[in-house]
Each structure stands twice: as C-alpha cells, then as structure tokens.
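This report refers to the structure that appears directly beneath it.
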Amino acid sequence: MNNAINWFEIPVKDMNRAAAFYEKILGASLHRDNIMGFDMAFLPCDQGSVGGALVSGEGYVPSDKGALVYLNGGNDLSQVLNRVVSAGGTVIVPKTNITPEIGFFAIFKDVEGNKVALHSME
C-alpha cells in the first residue's frame, strides 16, 4: 500500500461556482465530466498519484463536518491561500507551522461550505 488514500471527493451543489473557485485558488483548469450521472470536476494531479474531484449529485452534500482533506499547497501554500478570499472562500486557520520536518498547514471554507486544508513544506 503506497498511500493511505487513493481517491477523494469533495461534495458540491453548484458545480460551476465550485469549479470556478478551485480553478482560481489552484491556478489550474479542472477537467469536467459526467460519470454515472454525477457531475465531476477533477483536481490536478500527476499520473499515478492520489487524485480527487469535486462531485455533484444525489447524496453529495457539502459540509464543514467530517473528514478533512488536505490539498497539496505546492512549494508554499501561501500562494493558494492568498487567493481563497478573493475567490469567495473564508480562511479559518492561517498558514501555521506544524514542525520543520512536517511543514505548514492552513484551513479554509470553500464557496460550497466545505472545510478543506492545505499542506506544504514552506
């Protein structure tokens, strides 16, 4: 087992709004598709690595409760975090040093009401 997680999904109600938010904060286009009746927008990831998507459909309810997903913040998560507010989200926990060996984290609430985290080494 290479990773504890092999896929994740962030529930959304308004796919256009949610995809625009994540495209803005991540600085990347999200590929969108409809699979098995679910609207999906795939977050950027390298081939063969852990990936995830925004998903809209029956049973997908945005929430700030439950599991906390940490997105890759790149070299310095400040670059992503600094775009959260202008994209319509809210910073809950600012960039915070965990330890020198583990790096930094921050937590934000997206435009759908999901609590999501970022991690980077710087």
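By convention in this document, the chains of the structure tokens carry letters A, B, ... by their order, each chain's residues are numbered from 1, and ligands are numbered from 1 in the order they are shown.
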Name the residues of stretch 6-39 of chain A that come out as alpha helix (DSSP H) in a backbone DSSP run; write them as a PDB file with N, CA and C atoms, in the first residue's frame.
ATOM      1  N   MET A  15     -21.854  23.188  -9.233  1.00  0.00           N
ATOM      2  CA  MET A  15     -20.586  22.797  -9.838  1.00  0.00           C
ATOM      3  C   MET A  15     -19.880  23.965 -10.513  1.00  0.00           C
ATOM      4  N   ASN A  16     -20.626  24.825 -11.202  1.00  0.00           N
ATOM      5  CA  ASN A  16     -19.987  25.963 -11.871  1.00  0.00           C
ATOM      6  C   ASN A  16     -19.281  26.860 -10.862  1.00  0.00           C
ATOM      7  N   ARG A  17     -19.959  27.174  -9.778  1.00  0.00           N
ATOM      8  CA  ARG A  17     -19.376  28.034  -8.738  1.00  0.00           C
ATOM      9  C   ARG A  17     -18.181  27.348  -8.086  1.00  0.00           C
ATOM     10  N   ALA A  18     -18.329  26.078  -7.736  1.00  0.00           N
ATOM     11  CA  ALA A  18     -17.257  25.349  -7.060  1.00  0.00           C
ATOM     12  C   ALA A  18     -16.040  25.179  -7.968  1.00  0.00           C
ATOM     13  N   ALA A  19     -16.259  24.807  -9.220  1.00  0.00           N
ATOM     14  CA  ALA A  19     -15.139  24.618 -10.149  1.00  0.00           C
ATOM     15  C   ALA A  19     -14.399  25.939 -10.364  1.00  0.00           C
ATOM     16  N   ALA A  20     -15.139  27.035 -10.500  1.00  0.00           N
ATOM     17  CA  ALA A  20     -14.506  28.341 -10.682  1.00  0.00           C
ATOM     18  C   ALA A  20     -13.656  28.705  -9.460  1.00  0.00           C
ATOM     19  N   PHE A  21     -14.150  28.405  -8.263  1.00  0.00           N
ATOM     20  CA  PHE A  21     -13.406  28.677  -7.028  1.00  0.00           C
ATOM     21  C   PHE A  21     -12.086  27.910  -7.017  1.00  0.00           C
ATOM     22  N   TYR A  22     -12.144  26.606  -7.231  1.00  0.00           N
ATOM     23  CA  TYR A  22     -10.933  25.789  -7.174  1.00  0.00           C
ATOM     24  C   TYR A  22      -9.976  26.099  -8.320  1.00  0.00           C
ATOM     25  N   GLU A  23     -10.499  26.418  -9.487  1.00  0.00           N
ATOM     26  CA  GLU A  23      -9.616  26.827 -10.589  1.00  0.00           C
ATOM     27  C   GLU A  23      -8.861  28.096 -10.222  1.00  0.00           C
ATOM     28  N   LYS A  24      -9.549  29.035  -9.564  1.00  0.00           N
ATOM     29  CA  LYS A  24      -8.903  30.293  -9.192  1.00  0.00           C
ATOM     30  C   LYS A  24      -7.846  30.082  -8.119  1.00  0.00           C
ATOM     31  N   ILE A  25      -8.178  29.347  -7.062  1.00  0.00           N
ATOM     32  CA  ILE A  25      -7.193  29.221  -5.980  1.00  0.00           C
ATOM     33  C   ILE A  25      -6.027  28.326  -6.367  1.00  0.00           C
ATOM     34  N   LEU A  26      -6.280  27.299  -7.201  1.00  0.00           N
ATOM     35  CA  LEU A  26      -5.200  26.394  -7.592  1.00  0.00           C
ATOM     36  C   LEU A  26      -4.443  26.875  -8.827  1.00  0.00           C
TER      37      LEU A  26
END
Could you go through chain A and tell me which residues DSSP, when run on the backbone, assigns to strand (DSSP E or B), listing them as a PyMOL selection string? chain A and resi 7-11+31-35+38-42+51-56+69-72+90-99+103-109+115-120
Only C-alpha atoms, please: the residues just picked out, written as a tab-separated table (two decimals), in the first residue's frame.
chain	number	residue	atom	x	y	z
A	7	TRP	CA	-9.07	8.90	-4.19
A	8	PHE	CA	-11.18	11.63	-2.57
A	9	GLU	CA	-14.32	13.54	-3.47
A	10	ILE	CA	-15.40	16.99	-2.32
A	11	PRO	CA	-19.20	17.34	-2.45
A	31	HIS	CA	-11.40	18.76	-16.44
A	32	ARG	CA	-15.16	18.25	-16.13
A	33	ASP	CA	-17.20	15.18	-17.00
A	34	ASN	CA	-20.43	13.40	-16.13
A	35	ILE	CA	-19.78	9.87	-14.91
A	38	PHE	CA	-22.60	12.56	-11.32
A	39	ASP	CA	-21.11	15.89	-12.42
A	40	MET	CA	-17.40	15.82	-11.69
A	41	ALA	CA	-14.53	18.30	-11.91
A	42	PHE	CA	-11.13	16.64	-11.49
A	51	GLY	CA	-6.31	12.27	-7.14
A	52	GLY	CA	-9.70	13.67	-6.34
A	53	ALA	CA	-12.65	15.54	-7.73
A	54	LEU	CA	-15.47	17.90	-6.96
A	55	VAL	CA	-18.69	15.89	-7.26
A	56	SER	CA	-22.31	16.98	-7.56
A	69	VAL	CA	-8.99	16.70	3.06
A	70	TYR	CA	-5.53	18.26	2.74
A	71	LEU	CA	-4.75	19.54	-0.74
A	72	ASN	CA	-1.17	19.90	-1.91
A	90	THR	CA	-13.03	32.06	4.02
A	91	VAL	CA	-9.70	31.39	5.75
A	92	ILE	CA	-10.38	29.50	9.00
A	93	VAL	CA	-6.79	28.79	10.10
A	94	PRO	CA	-4.00	30.88	8.57
A	95	LYS	CA	-0.71	29.37	7.43
A	96	THR	CA	0.64	27.63	10.51
A	97	ASN	CA	3.97	25.88	11.11
A	98	ILE	CA	3.49	22.30	12.31
A	99	THR	CA	7.19	21.37	12.72
A	103	GLY	CA	5.89	21.77	7.20
A	104	PHE	CA	2.87	24.07	7.22
A	105	PHE	CA	-0.91	23.81	7.02
A	106	ALA	CA	-3.88	26.12	6.64
A	107	ILE	CA	-7.64	25.51	6.63
A	108	PHE	CA	-10.31	27.30	4.60
A	109	LYS	CA	-14.02	27.06	3.87
A	115	LYS	CA	-13.84	22.75	5.26
A	116	VAL	CA	-10.63	21.95	3.31
A	117	ALA	CA	-6.96	22.15	4.29
A	118	LEU	CA	-3.69	22.87	2.50
A	119	HIS	CA	-0.23	21.48	3.24
A	120	SER	CA	3.25	22.48	2.06
Tell me, as number ranges by chain, which residues lie within 8 Å of A:Gly113, counting only C-alpha atoms; anything in the same chain fewer than 3 positions away does not count. A: 62-64, 109-110
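The closest residue to A:Gly48, picked from A:Arg83, A:Gly27, A:Asn3, A:Leu68 and counting only C-alpha atoms, is A:Asn3.
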How many Å lie between atom CA of A:Leu81 and atom CA of A:Gly57, rounded to one decimal?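 Pair atom CA of A:Leu81 / atom CA of A:Gly57 returns 27.5 Å.
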Could you check how far atom CA of A:Glu122 sits from atom CA of A:Glu101, in Å to one decimal?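 Computed distance, atom CA of A:Glu122 to atom CA of A:Glu101, equals 10.3 Å.
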At what distance in Å, to one decimal, does atom CA of A:Val111 lie from atom CA of A:Ala87?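 Interatomic distance, atom CA of A:Ala87 to atom CA of A:Val111: 8.1 Å.
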